[in-house]
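Next up, coords_15.cif (mmCIF, C-alpha atoms and all ligand atoms):
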```cif
data_coords
#
loop_
_atom_site.label_atom_id
_atom_site.label_comp_id
_atom_site.auth_asym_id
_atom_site.auth_seq_id
_atom_site.Cartn_x
_atom_site.Cartn_y
_atom_site.Cartn_z
CA MET A 805 147.54 186.49 107.89
CA SER A 806 145.13 188.54 109.91
CA ILE A 807 143.87 191.96 110.88
CA THR A 808 142.49 192.53 114.37
CA LEU A 809 139.80 195.15 114.77
CA ASN A 810 139.35 197.66 117.57
CA PRO A 811 136.74 196.79 120.21
CA ASN A 812 133.17 197.32 118.95
CA ARG A 813 134.29 197.85 115.37
CA GLU A 814 132.98 194.49 114.19
CA LYS A 815 129.39 195.79 114.09
CA SER A 816 129.33 196.70 110.40
CA LEU A 817 130.73 193.28 109.53
CA LEU A 818 128.02 191.60 111.60
CA ARG A 819 125.55 193.52 109.43
CA ARG A 820 127.46 192.09 106.44
CA HIS A 821 128.67 195.42 105.15
CA PRO A 822 131.87 194.62 103.21
CA TRP A 823 134.14 197.59 104.05
CA ILE A 824 136.63 198.00 106.89
CA PHE A 825 138.04 201.48 107.40
CA ALA A 826 141.59 202.13 108.63
CA SER A 827 140.22 203.61 111.87
CA ALA A 828 138.57 200.29 112.75
CA ILE A 829 141.87 198.42 112.74
CA ARG A 830 143.91 197.76 115.88
CA HIS A 831 146.59 195.50 114.51
CA VAL A 832 147.88 194.09 111.24
CA ASP A 833 149.94 190.97 111.98
CA GLU A 834 152.55 191.41 109.23
CA THR A 835 153.29 193.39 106.09
CA HIS A 836 150.82 192.17 103.53
CA VAL A 837 151.14 192.58 99.79
CA SER A 838 148.52 194.95 98.34
CA GLY A 839 145.40 192.96 97.53
CA SER A 840 146.35 189.81 99.43
CA THR A 841 143.78 187.87 101.40
CA VAL A 842 143.54 188.41 105.16
CA ASP A 843 141.30 187.20 107.96
CA LEU A 844 139.40 189.89 109.84
CA LEU A 845 139.27 189.13 113.56
CA SER A 846 137.29 190.79 116.34
CA SER A 847 139.22 192.40 119.19
CA GLU A 848 138.69 189.09 121.01
CA GLY A 849 140.25 187.12 118.17
CA GLN A 850 137.03 185.69 116.71
CA PHE A 851 136.93 185.11 112.91
CA LEU A 852 134.57 187.57 111.22
CA ALA A 853 135.37 187.55 107.52
CA ARG A 854 138.00 186.97 104.83
CA ALA A 855 138.95 190.07 102.91
CA SER A 856 141.37 191.73 100.52
CA TYR A 857 143.94 194.04 102.08
CA SER A 858 144.39 197.52 100.66
CA PRO A 859 147.32 199.20 102.45
CA ASN A 860 146.98 202.59 100.70
CA SER A 861 143.25 203.11 100.96
CA GLN A 862 141.14 204.46 103.81
CA ILE A 863 138.94 201.46 103.04
CA ARG A 864 141.69 199.15 104.29
CA ALA A 865 139.90 195.85 103.66
CA ARG A 866 136.99 194.64 101.54
CA VAL A 867 135.25 191.39 102.37
CA TRP A 868 135.30 188.47 99.96
CA THR A 869 133.38 186.15 102.27
CA PHE A 870 131.88 186.00 105.75
CA ASN A 871 132.44 182.22 105.79
CA ASP A 872 135.62 180.41 106.72
CA GLU A 873 136.20 179.19 103.15
CA PRO A 874 139.18 179.39 100.77
CA VAL A 875 139.39 182.41 98.49
CA ASP A 876 140.75 180.89 95.30
CA LYS A 877 139.89 180.41 91.64
CA GLU A 878 136.89 178.20 92.46
CA PHE A 879 135.58 180.82 94.87
CA PHE A 880 135.54 183.44 92.11
CA ARG A 881 134.04 180.94 89.68
CA LYS A 882 131.04 180.57 92.02
CA ARG A 883 130.60 184.33 92.27
CA ILE A 884 130.84 184.81 88.50
CA ARG A 885 128.40 181.96 87.85
CA ALA A 886 125.92 183.44 90.31
CA ALA A 887 126.16 186.85 88.61
CA ILE A 888 125.59 185.26 85.19
CA GLU A 889 122.57 183.35 86.52
CA VAL A 890 121.01 186.54 87.90
CA ARG A 891 121.33 188.20 84.47
CA GLN A 892 119.82 185.14 82.80
CA GLN A 893 116.81 185.39 85.11
CA LEU A 894 116.46 189.09 84.37
CA LYS A 895 116.40 188.35 80.65
CA VAL A 896 118.13 191.67 79.94
CA ASP A 897 119.44 190.14 76.75
CA SER A 898 115.89 189.98 75.42
CA HIS A 899 116.01 193.72 74.69
CA SER A 900 119.72 194.52 74.68
CA ASN A 901 123.01 192.83 73.88
CA ALA A 902 124.83 195.15 76.26
CA TYR A 903 124.46 194.86 80.01
CA ARG A 904 126.37 194.85 83.28
CA LEU A 905 127.52 191.34 84.07
CA LEU A 906 129.25 192.11 87.37
CA HIS A 907 128.36 194.98 89.65
CA ALA A 908 131.23 194.90 92.15
CA GLU A 909 130.21 194.64 95.83
CA SER A 910 126.61 193.84 94.92
CA ASP A 911 127.73 190.73 93.03
CA GLY A 912 130.16 189.72 95.77
CA ILE A 913 133.35 190.89 94.04
CA PRO A 914 134.25 194.29 95.51
CA GLY A 915 136.01 196.62 93.08
CA LEU A 916 135.21 194.65 89.93
CA ILE A 917 132.94 195.86 87.17
CA VAL A 918 132.37 193.87 84.00
CA ASP A 919 130.10 195.11 81.22
CA ARG A 920 129.18 192.91 78.29
CA TYR A 921 128.94 194.52 74.87
CA GLU A 922 127.73 191.62 72.76
CA ASN A 923 130.89 189.58 72.16
CA VAL A 924 133.29 191.75 74.11
CA LEU A 925 133.64 192.12 77.86
CA VAL A 926 134.94 195.39 79.29
CA LEU A 927 136.51 194.99 82.70
CA GLN A 928 137.19 197.69 85.24
CA SER A 929 139.28 196.83 88.28
CA LEU A 930 139.02 199.54 90.93
CA THR A 931 140.61 198.13 94.08
CA ALA A 932 143.74 196.37 95.31
CA GLY A 933 141.76 193.14 95.80
CA SER A 934 140.24 193.03 92.33
CA GLU A 935 143.67 193.89 90.90
CA PHE A 936 145.31 191.00 92.78
CA TRP A 937 142.86 188.48 91.27
CA LYS A 938 142.47 190.15 87.86
CA GLU A 939 144.26 187.54 85.73
CA THR A 940 142.41 184.66 87.43
CA ILE A 941 139.12 186.50 86.98
CA ALA A 942 139.88 187.18 83.30
CA ASP A 943 140.46 183.44 82.75
CA LEU A 944 137.24 182.63 84.55
CA LEU A 945 135.24 185.17 82.55
CA VAL A 946 136.37 183.53 79.33
CA GLU A 947 135.62 180.06 80.71
CA GLU A 948 132.20 180.92 82.12
CA THR A 949 130.81 183.27 79.44
CA GLY A 950 132.46 181.85 76.33
CA VAL A 951 133.36 185.41 75.37
CA THR A 952 137.00 185.40 74.30
CA THR A 953 137.77 189.12 74.14
CA ILE A 954 138.20 191.21 77.26
CA TYR A 955 139.17 194.86 77.12
CA GLU A 956 140.41 196.54 80.28
CA ARG A 957 139.28 200.03 81.27
CA SER A 958 140.92 200.36 84.68
CA ASP A 959 141.36 204.10 84.28
CA ALA A 960 138.87 205.46 86.83
CA ASP A 961 140.22 208.11 89.22
CA VAL A 962 139.30 206.08 92.31
CA ARG A 963 142.20 203.71 91.59
CA GLU A 964 144.52 206.42 92.83
CA LEU A 965 143.06 206.02 96.32
CA GLU A 966 144.17 202.39 96.20
CA GLY A 967 147.67 203.30 95.04
CA LEU A 968 146.99 201.83 91.60
CA GLN A 969 148.07 203.28 88.26
CA PRO A 970 145.60 203.51 85.37
CA ILE A 971 145.68 200.49 83.02
CA THR A 972 143.86 200.13 79.72
CA GLY A 973 144.21 197.68 76.85
CA ILE A 974 143.33 194.23 75.63
CA LEU A 975 143.36 191.71 78.48
CA ARG A 976 142.27 188.62 76.52
CA GLY A 977 141.65 187.88 72.83
CA THR A 978 141.72 190.34 69.95
CA LEU A 979 139.74 193.33 68.74
CA SER A 980 139.41 194.62 65.20
CA SER A 981 137.88 197.94 66.29
CA PHE A 982 137.29 199.85 69.53
CA ILE A 983 134.01 201.18 68.19
CA PHE A 984 131.13 198.88 67.40
CA PRO A 985 127.32 198.99 67.54
CA ILE A 986 125.26 197.55 70.35
CA THR A 987 121.48 197.17 70.39
CA GLU A 988 119.10 198.56 72.99
CA TYR A 989 115.35 198.15 72.49
CA ASN A 990 115.91 197.68 68.73
CA LEU A 991 117.97 200.85 68.49
CA LYS A 992 121.65 200.82 67.62
CA PHE A 993 124.39 202.73 69.42
CA ASN A 994 128.01 202.96 68.44
CA VAL A 995 130.03 202.45 71.61
CA ASP A 996 133.68 203.40 71.94
CA ILE A 997 134.98 201.02 74.59
CA ALA A 998 138.50 202.48 74.54
CA HIS A 999 137.74 206.21 74.81
CA GLY A 1000 134.12 206.45 75.95
CA HIS A 1001 133.06 207.25 79.50
CA LYS A 1002 132.99 204.47 82.11
CA THR A 1003 133.26 201.27 80.05
CA GLY A 1004 131.91 203.05 76.97
CA PHE A 1005 128.18 203.45 77.57
CA TYR A 1006 125.83 204.39 80.43
CA LEU A 1007 124.16 201.01 80.64
CA ASP A 1008 122.48 201.94 83.91
CA GLN A 1009 120.06 204.29 82.10
CA ARG A 1010 118.80 201.74 79.55
CA GLU A 1011 115.30 201.37 80.98
CA ASN A 1012 115.00 205.10 81.65
CA ARG A 1013 115.97 205.93 78.06
CA HIS A 1014 113.22 203.59 76.88
CA GLY A 1015 110.81 205.33 79.28
CA VAL A 1016 111.64 208.75 77.81
CA GLY A 1017 111.08 207.36 74.33
CA GLU A 1018 107.60 206.20 75.30
CA LEU A 1019 106.59 209.75 76.26
CA SER A 1020 108.37 211.73 73.53
CA LYS A 1021 105.91 211.50 70.65
CA ASP A 1022 105.08 214.91 69.17
CA ARG A 1023 107.03 216.70 71.88
CA ASP A 1024 109.85 219.24 71.76
CA VAL A 1025 112.59 217.53 73.74
CA LEU A 1026 115.67 219.02 75.39
CA ASN A 1027 118.29 216.43 76.37
CA CYS A 1028 120.91 217.94 78.71
CA PHE A 1029 124.21 216.10 79.31
CA CYS A 1030 123.31 213.93 76.32
CA TYR A 1031 126.65 212.07 75.91
CA THR A 1032 126.32 209.91 72.75
CA GLY A 1033 122.60 210.61 72.57
CA GLY A 1034 120.99 207.76 74.48
CA PHE A 1035 117.83 209.64 75.41
CA SER A 1036 117.82 211.62 72.14
CA ILE A 1037 117.85 208.51 69.94
CA HIS A 1038 114.98 206.95 71.88
CA ALA A 1039 113.02 210.22 71.66
CA LEU A 1040 113.60 210.64 67.91
CA ALA A 1041 112.74 207.01 67.23
CA SER A 1042 109.45 207.46 69.07
CA GLY A 1043 108.38 210.44 66.99
CA ALA A 1044 109.54 213.49 68.95
CA LYS A 1045 108.73 216.72 67.11
CA SER A 1046 112.23 218.05 67.79
CA VAL A 1047 115.21 217.06 69.93
CA LEU A 1048 117.94 219.41 71.12
CA SER A 1049 120.95 217.58 72.59
CA VAL A 1050 123.50 219.39 74.73
CA ASP A 1051 126.90 218.17 75.91
CA SER A 1052 130.32 219.68 76.56
CA SER A 1053 132.11 216.81 74.79
CA ALA A 1054 132.60 217.17 71.04
CA ASP A 1055 133.61 213.49 70.81
CA ALA A 1056 130.35 212.41 72.43
CA LEU A 1057 128.33 214.61 70.06
CA ALA A 1058 130.18 213.16 67.05
CA LEU A 1059 129.10 209.67 68.12
CA LEU A 1060 125.57 210.96 68.65
CA GLU A 1061 125.43 212.12 65.02
CA GLU A 1062 126.66 208.67 63.95
CA ASN A 1063 123.97 207.07 66.07
CA ILE A 1064 121.25 209.12 64.36
CA ALA A 1065 122.49 207.92 60.96
CA LEU A 1066 122.89 204.34 62.19
CA ASN A 1067 119.20 204.26 63.08
CA HIS A 1068 118.03 206.13 59.97
CA LEU A 1069 116.36 208.76 62.14
CA PRO A 1070 115.20 212.16 60.82
CA ALA A 1071 118.31 214.33 61.25
CA ASP A 1072 116.25 217.44 60.44
CA ARG A 1073 114.41 217.07 63.73
CA HIS A 1074 117.64 217.03 65.71
CA THR A 1075 120.17 219.64 66.79
CA SER A 1076 123.46 219.00 68.62
CA LEU A 1077 124.82 221.80 70.73
CA GLU A 1078 128.29 221.73 72.26
CA GLY A 1079 128.49 223.75 75.45
CA ASP A 1080 128.02 224.05 79.17
CA VAL A 1081 124.52 223.12 80.30
CA PHE A 1082 124.59 225.62 83.18
CA GLN A 1083 125.21 228.48 80.77
CA LEU A 1084 122.99 227.25 77.96
CA LEU A 1085 119.95 226.79 80.20
CA ARG A 1086 120.31 230.46 81.21
CA LYS A 1087 120.59 231.47 77.56
CA PHE A 1088 117.43 229.52 76.72
CA ARG A 1089 115.62 231.16 79.65
CA ASP A 1090 116.70 234.64 78.53
CA ALA A 1091 115.58 233.84 74.99
CA ASN A 1092 112.17 232.64 76.31
CA ARG A 1093 112.61 229.19 74.82
CA SER A 1094 110.37 226.37 76.00
CA PHE A 1095 110.14 222.59 75.75
CA ASP A 1096 107.64 219.79 76.39
CA LEU A 1097 110.11 217.32 77.82
CA ILE A 1098 113.49 217.93 79.45
CA VAL A 1099 116.08 215.34 80.47
CA LEU A 1100 118.75 216.26 83.03
CA ASP A 1101 121.32 213.50 83.39
CA PRO A 1102 124.41 215.25 84.73
CA PRO A 1103 127.71 213.62 85.73
CA LYS A 1104 128.38 212.71 89.35
CA PHE A 1105 128.47 216.07 91.15
CA ALA A 1106 128.93 214.44 94.59
CA PRO A 1107 131.03 211.27 94.60
CA THR A 1108 130.80 211.20 98.43
CA ALA A 1109 128.72 212.88 101.14
CA ALA A 1110 131.54 215.40 101.66
CA HIS A 1111 130.64 216.98 98.31
CA ALA A 1112 126.89 216.98 98.99
CA GLU A 1113 126.45 220.67 99.81
CA LYS A 1114 128.14 222.07 96.73
CA ALA A 1115 126.54 219.40 94.56
CA SER A 1116 123.08 220.22 95.95
CA ARG A 1117 123.46 223.78 94.71
CA ALA A 1118 124.43 222.55 91.24
CA TYR A 1119 121.48 220.13 91.07
CA LYS A 1120 119.11 222.83 92.28
CA ASP A 1121 120.41 225.31 89.71
CA ILE A 1122 119.80 223.10 86.67
CA ASN A 1123 116.47 221.77 87.95
CA LEU A 1124 115.21 225.27 88.67
CA LEU A 1125 116.12 226.42 85.17
CA ALA A 1126 114.56 223.31 83.65
CA PHE A 1127 111.27 223.92 85.48
CA LYS A 1128 111.23 227.43 84.04
CA LEU A 1129 111.85 226.19 80.50
CA LEU A 1130 109.12 223.57 80.64
CA ARG A 1131 105.71 224.31 79.18
CA HIS A 1132 102.66 223.65 81.36
CA GLY A 1133 101.99 219.93 81.39
CA GLY A 1134 105.58 219.33 80.35
CA LEU A 1135 107.72 216.50 81.74
CA LEU A 1136 111.02 216.71 83.57
CA PHE A 1137 113.15 213.57 83.74
CA THR A 1138 115.80 214.43 86.30
CA TYR A 1139 118.57 212.18 87.57
CA SER A 1140 121.44 212.06 90.03
CA CYS A 1141 124.13 209.38 89.96
CA SER A 1142 125.91 210.88 92.99
CA GLY A 1143 126.68 208.41 95.76
CA GLY A 1144 126.85 211.39 98.12
CA ILE A 1145 123.19 212.33 97.57
CA ASP A 1146 120.50 209.88 98.58
CA ALA A 1147 117.03 209.62 97.07
CA ALA A 1148 115.37 211.61 99.86
CA LEU A 1149 117.83 214.49 99.57
CA PHE A 1150 117.55 214.49 95.78
CA GLN A 1151 113.78 214.79 96.00
CA LYS A 1152 114.15 217.69 98.45
CA ILE A 1153 116.53 219.47 96.06
CA VAL A 1154 114.11 219.07 93.15
CA ALA A 1155 111.24 220.26 95.34
CA SER A 1156 113.14 223.33 96.37
CA ALA A 1157 114.04 224.01 92.72
CA ALA A 1158 110.34 223.91 91.79
CA LEU A 1159 109.49 226.20 94.68
CA ASP A 1160 112.09 228.79 93.70
CA ALA A 1161 111.07 228.53 90.04
CA GLY A 1162 107.54 229.36 91.20
CA VAL A 1163 106.00 226.26 89.65
CA ASP A 1164 103.78 223.46 90.90
CA ALA A 1165 104.97 220.01 89.94
CA THR A 1166 103.98 216.43 90.66
CA ILE A 1167 106.17 213.35 90.77
CA ILE A 1168 104.68 210.67 88.56
CA GLU A 1169 107.54 208.18 88.81
CA HIS A 1170 110.58 207.34 90.93
CA LEU A 1171 113.38 205.80 88.86
CA SER A 1172 116.63 203.98 89.48
CA GLN A 1173 119.39 202.05 87.73
CA GLY A 1174 118.56 199.02 85.58
CA SER A 1175 118.22 195.64 87.26
CA ASP A 1176 121.51 194.46 85.73
CA HIS A 1177 123.01 196.86 88.31
CA PRO A 1178 121.67 195.03 91.37
CA VAL A 1179 122.04 196.30 94.93
CA SER A 1180 123.09 194.06 97.79
CA LEU A 1181 120.81 194.71 100.77
CA HIS A 1182 123.94 194.86 102.90
CA PHE A 1183 125.58 197.44 100.64
CA PRO A 1184 123.17 200.34 100.13
CA GLU A 1185 125.97 202.31 98.45
CA GLY A 1186 125.33 200.07 95.42
CA MET A 1187 122.11 202.05 94.76
CA TYR A 1188 123.51 205.21 93.25
CA LEU A 1189 121.19 206.28 90.43
CA LYS A 1190 118.09 208.22 91.42
CA GLY A 1191 115.55 209.65 89.02
CA LEU A 1192 112.25 211.53 89.20
CA VAL A 1193 109.70 212.15 86.50
CA CYS A 1194 107.83 215.36 87.28
CA VAL A 1195 104.88 216.97 85.51
CA LYS A 1196 104.75 220.74 85.59
CA GLY A 1197 101.33 221.98 86.67
N1 LIG B 1 122.43 210.60 79.41
C1 LIG B 1 123.62 209.99 78.90
C2 LIG B 1 124.75 209.95 79.93
C3 LIG B 1 125.15 211.30 80.50
S1 LIG B 1 126.71 211.30 81.22
C4 LIG B 1 123.29 208.62 78.34
O1 LIG B 1 122.17 208.13 78.54
O2 LIG B 1 124.13 208.02 77.68
C5 LIG B 1 127.03 212.95 81.54
C6 LIG B 1 127.48 213.79 80.34
O3 LIG B 1 127.58 215.14 80.79
C7 LIG B 1 128.82 213.46 79.73
O4 LIG B 1 128.65 213.19 78.37
C8 LIG B 1 129.67 214.75 79.90
O5 LIG B 1 130.46 215.03 78.75
C9 LIG B 1 128.60 215.79 80.06
N2 LIG B 1 128.93 217.00 80.82
C10 LIG B 1 129.59 217.10 82.01
N3 LIG B 1 129.57 218.37 82.46
C11 LIG B 1 128.87 219.09 81.56
C12 LIG B 1 128.48 220.46 81.46
N4 LIG B 1 128.77 221.32 82.43
N5 LIG B 1 127.77 220.86 80.40
C13 LIG B 1 127.45 219.98 79.40
N6 LIG B 1 127.78 218.68 79.46
C14 LIG B 1 128.47 218.23 80.50
#
```

Would you write the structure of this file as structure tokens?
Ligand code: SAH
Amino acid sequence: MSITLNPNREKSLLRRHPWIFASAIRHVDETHVSGSTVDLLSSEGQFLARASYSPNSQIRARVWTFNDEPVDKEFFRKRIRAAIEVRQQLKVDSHSNAYRLLHAESDGIPGLIVDRYENVLVLQSLTAGSEFWKETIADLLVEETGVTTIYERSDADVRELEGLQPITGILRGTLSSFIFPITEYNLKFNVDIAHGHKTGFYLDQRENRHGVGELSKDRDVLNCFCYTGGFSIHALASGAKSVLSVDSSADALALLEENIALNHLPADRHTSLEGDVFQLLRKFRDANRSFDLIVLDPPKFAPTAAHAEKASRAYKDINLLAFKLLRHGGLLFTYSCSGGIDAALFQKIVASAALDAGVDATIIEHLSQGSDHPVSLHFPEGMYLKGLVCVKG
């Protein structure tokens, strides 16, 4: 089974980038089942890679291997073992029992995300290829990690592009509750793996939440897009004077309140506010409110570069308002998880927000996703989370 590429379209594969777009393909030798394994051949018939076939997606094939080797259960076992070994070296489990075990393309298994929440794995299959091998991979995860419960959260919108329906539910083992506490830097968080965002928690921000905590003491903190309170809990635990948490999701705020109680934190220093950050920041500005530390961790405004222009305006808007609300010497922790906006563009947007707000600001730190979300050098798209810490002059 093979796919022959158009002349000169093998270049990205020679650079070991794992995606083949429909436009690069000259010929598909037969009708392949969605997700089945195919050889990718150059226009001259030379073997380039072995990949999964995705007939409905613009990304028509995703590479499993650039070697002429079988893609079978043992192949995936090697990949899973390698991913586990990387996490063991990182020692993420020394300060959290929740971390990303498999980060899709960057761990050599395109389309597959597996997050570990102590004794439960949450699996997200996003592509035809990962779907094809899902049962085998589930068996391997149990064999290689010793974790017997796997919950599936294959309900991300991108599955539609692959012609896949959403699937959620228990894939292996049993669960007595969908909500259970995990630990991050000695703080507890109730995570709802069935209804929460992504696989339940934004694991990628773990180190950045800790960083905010370290600088929150005696400060008035505003946490925008707070979800279940990650940054707020760290700030309260570190002695923030006050924390105001804003999110549009009532369910997320309810979990936040639980998380405050779970950690025995001073509830009188905290306020939850349900609403739209864009509107509330304007209200705060009009009411002359001010803060010492502001966190902006919005959802993905630009999933791809096609959304970059509109998203840039949204990022600029909230950053501009945040600069205005900050006291002199105050800190802005601002993030973008948009694949369509790279680090350089994000910095430009924040700079232009400061300029229009009429403030001087200095970057004191560049931030990214935690190291349990590694980035393959051949797949720069794997680096999606950008963050800046700015001091207002
Ligand atoms: N900082 C969080 C993750 C934030 S995810 C953590 O560390 O866990 C983004 C959050 O933004 C989600 O909870 C979503 O409900 C919220 N959200 C999306 N659009 C919003 C809006 N316009 N106003 C307020 N909240 C919004």

Spatial neighbours of region 973-986 of chain A, max dist 8 Å, only C-alpha atoms, sep filter under 3 positions, as an MDAnalysis selection string | chainID A and resid 900:902 921:922 942 952:957 992:998

Residues within 12 Å of Ser1020 (chain A), all atoms listed in the file, excluding chain neighbours under 3 positions, as a ChimeraX atom specification | /A:1013-1017,1023-1027,1035-1047,1095-1099,1134-1137

At what distance in Å, to one decimal, does CA of Cys1030 (chain A) lie from CA of Lys1087 (chain A)?
-> 17.8 Å

Between A:Ala1158, A:Leu1149, A:Val1163, A:Val1081, single out the one closest to ligand LIG 1 (chain B), counting only C-alpha atoms and all ligand atoms.
->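 Under the stated criterion, the closest residue is A:Val1081.
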
Atom pair CA of Arg1117 (chain A) / CA of Ser1076 (chain A): separation (Å) |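 Those two atoms sit 26.5 Å apart.
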
Distance criterion (all atoms listed in the file): nearest to Glu966 (chain A) out of A:Gly950, A:Gly912, A:Gly839, A:Gly1000 |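 Residue with the minimum atom-to-atom distance to Glu966 (chain A): A:Gly839.
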
Edge lengths and centre in Å to one decimal, as lines of an AutoDock Vina configuration file, of the axis-aligned box that encloses all listed atoms of ligand LIG 1 (chain B) with 8 Å added on every side?
```
center_x = 126.3
center_y = 214.7
center_z = 80.1
size_x = 24.3
size_y = 29.3
size_z = 20.8
```

Two-atom distance - CA of Leu1130 (chain A), CA of Val1195 (chain A) (Å) = 9.2 Å

With only C-alpha atoms and all ligand atoms counted, collect every polymer residue having an atom within 6 Å of ligand LIG 1 (chain B); state the result as a list in words.
->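 If we count only C-alpha atoms and all ligand atoms, the neighbours of ligand LIG 1 (chain B) turn out to be Tyr1006, Gln1009, Phe1029, Cys1030, Tyr1031, Thr1032, Gly1033, Gly1034, Phe1035, Asp1051, Ser1052, Ser1053, Gly1079, Asp1080, Val1081, Asp1101, Pro1102 and Pro1103 of chain A.
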
Leu817 (chain A) surroundings by all atoms listed in the file, 10 Å radius, close-in-sequence under 2 positions cut, as number ranges by chain = A: 813-815, 819-824, 844, 846, 852-853, 867, 870, 1182

Keeping only C-alpha atoms, write the selected residues to a file as an mmCIF file, in the coordinates of the input.
```
data_model
loop_
_atom_site.group_PDB
_atom_site.id
_atom_site.type_symbol
_atom_site.label_atom_id
_atom_site.label_comp_id
_atom_site.auth_asym_id
_atom_site.auth_seq_id
_atom_site.Cartn_x
_atom_site.Cartn_y
_atom_site.Cartn_z
ATOM 1 C CA ARG A 813 134.290 197.850 115.370
ATOM 2 C CA GLU A 814 132.980 194.490 114.190
ATOM 3 C CA LYS A 815 129.390 195.790 114.090
ATOM 4 C CA ARG A 819 125.550 193.520 109.430
ATOM 5 C CA ARG A 820 127.460 192.090 106.440
ATOM 6 C CA HIS A 821 128.670 195.420 105.150
ATOM 7 C CA PRO A 822 131.870 194.620 103.210
ATOM 8 C CA TRP A 823 134.140 197.590 104.050
ATOM 9 C CA ILE A 824 136.630 198.000 106.890
ATOM 10 C CA LEU A 844 139.400 189.890 109.840
ATOM 11 C CA SER A 846 137.290 190.790 116.340
ATOM 12 C CA LEU A 852 134.570 187.570 111.220
ATOM 13 C CA ALA A 853 135.370 187.550 107.520
ATOM 14 C CA VAL A 867 135.250 191.390 102.370
ATOM 15 C CA PHE A 870 131.880 186.000 105.750
ATOM 16 C CA HIS A 1182 123.940 194.860 102.900
#
```

For a cut-off of 10 Å around (141.7, 183.2, 93.0), file coordinates, pick out all residues using all atoms listed in the file and list them as a short mmCIF file (atom, residue, chain, number, x, y, z; two decimals) with C-alpha atoms, in the frame of the given file.
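Resulting contents of out_29.cif:
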```cif
data_model
loop_
_atom_site.label_atom_id
_atom_site.label_comp_id
_atom_site.auth_asym_id
_atom_site.auth_seq_id
_atom_site.Cartn_x
_atom_site.Cartn_y
_atom_site.Cartn_z
CA THR A 841 143.78 187.87 101.40
CA PRO A 874 139.18 179.39 100.77
CA VAL A 875 139.39 182.41 98.49
CA ASP A 876 140.75 180.89 95.30
CA LYS A 877 139.89 180.41 91.64
CA GLU A 878 136.89 178.20 92.46
CA PHE A 879 135.58 180.82 94.87
CA PHE A 880 135.54 183.44 92.11
CA ARG A 881 134.04 180.94 89.68
CA SER A 934 140.24 193.03 92.33
CA PHE A 936 145.31 191.00 92.78
CA TRP A 937 142.86 188.48 91.27
CA LYS A 938 142.47 190.15 87.86
CA GLU A 939 144.26 187.54 85.73
CA THR A 940 142.41 184.66 87.43
CA ILE A 941 139.12 186.50 86.98
CA LEU A 944 137.24 182.63 84.55
#
```

With only C-alpha atoms as the counted atoms, please give the residues lying no more than 8 Å from Asp1146 (chain A), apart from itself and same-chain residues fewer than 3 positions off, as a tab-separated table (two decimals) with C-alpha atoms, in the coordinates of the input.
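The result, written out as around_17.tsv:
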```tsv
chain	number	residue	atom	x	y	z
A	1142	SER	CA	125.91	210.88	92.99
A	1143	GLY	CA	126.68	208.41	95.76
A	1149	LEU	CA	117.83	214.49	99.57
A	1150	PHE	CA	117.55	214.49	95.78
A	1188	TYR	CA	123.51	205.21	93.25
A	1190	LYS	CA	118.09	208.22	91.42
```

Using all atoms listed in the file, which residue out of A:Leu1124, A:Val896, A:Ala1109, A:Val1179 lies closest to Gly1162 (chain A)?
->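 Of A:Leu1124, A:Val896, A:Ala1109, A:Val1179, the one nearest Gly1162 (chain A) is A:Leu1124, counting all atoms listed in the file.
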
Exercise: Asp872 (chain A) partners within 8 Å, all atoms listed in the file, chain neighbours under 3 positions left out, as a list in words | Phe851, Ala853, Arg854 and Thr869 of chain A

Find the residue from A:Ile1064, A:Ala932, A:Ile1168, A:Leu818 that sits nearest to Ser840 (chain A); use all atoms listed in the file when measuring.
->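 Result for the nearest residue to Ser840 (chain A): A:Ala932.
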
Give the answer as one residue: which of A:Cys1194, A:Leu991, A:Leu1007, A:Leu927 has the shortest atom-to-atom distance to Asn1067 (chain A), using only C-alpha atoms?
->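 The answer is A:Leu991, which sits nearest to Asn1067 (chain A).
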
Choose the residue, out of A:Ser1180, A:Ser1172, A:Ser1116, A:Lys1128, that has the smallest atom-to-atom separation from Ile1153 (chain A); count only C-alpha atoms.
->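 Smallest distance to Ile1153 (chain A) is found for A:Ser1116.
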
Mind filling out region 981-985 of chain A with N, CA, C and O atoms and sending it as a PDB file, keeping the file's coordinate frame?
```
ATOM      1  N   SER A 981     138.230 196.518  66.180  1.00  0.00           N
ATOM      2  CA  SER A 981     137.880 197.940  66.290  1.00  0.00           C
ATOM      3  C   SER A 981     137.464 198.238  67.730  1.00  0.00           C
ATOM      4  O   SER A 981     136.909 197.374  68.416  1.00  0.00           O
ATOM      5  N   PHE A 982     137.740 199.446  68.187  1.00  0.00           N
ATOM      6  CA  PHE A 982     137.290 199.850  69.530  1.00  0.00           C
ATOM      7  C   PHE A 982     135.848 200.327  69.504  1.00  0.00           C
ATOM      8  O   PHE A 982     135.214 200.467  70.522  1.00  0.00           O
ATOM      9  N   ILE A 983     135.372 200.654  68.310  1.00  0.00           N
ATOM     10  CA  ILE A 983     134.010 201.180  68.190  1.00  0.00           C
ATOM     11  C   ILE A 983     133.138 200.174  67.463  1.00  0.00           C
ATOM     12  O   ILE A 983     133.484 199.733  66.367  1.00  0.00           O
ATOM     13  N   PHE A 984     132.058 199.780  68.091  1.00  0.00           N
ATOM     14  CA  PHE A 984     131.130 198.880  67.400  1.00  0.00           C
ATOM     15  C   PHE A 984     129.721 199.087  67.938  1.00  0.00           C
ATOM     16  O   PHE A 984     129.523 199.581  69.048  1.00  0.00           O
ATOM     17  N   PRO A 985     128.696 198.719  67.126  1.00  0.00           N
ATOM     18  CA  PRO A 985     127.320 198.990  67.540  1.00  0.00           C
ATOM     19  C   PRO A 985     126.780 197.957  68.517  1.00  0.00           C
ATOM     20  O   PRO A 985     127.086 196.767  68.399  1.00  0.00           O
TER      21      PRO A 985
END
```
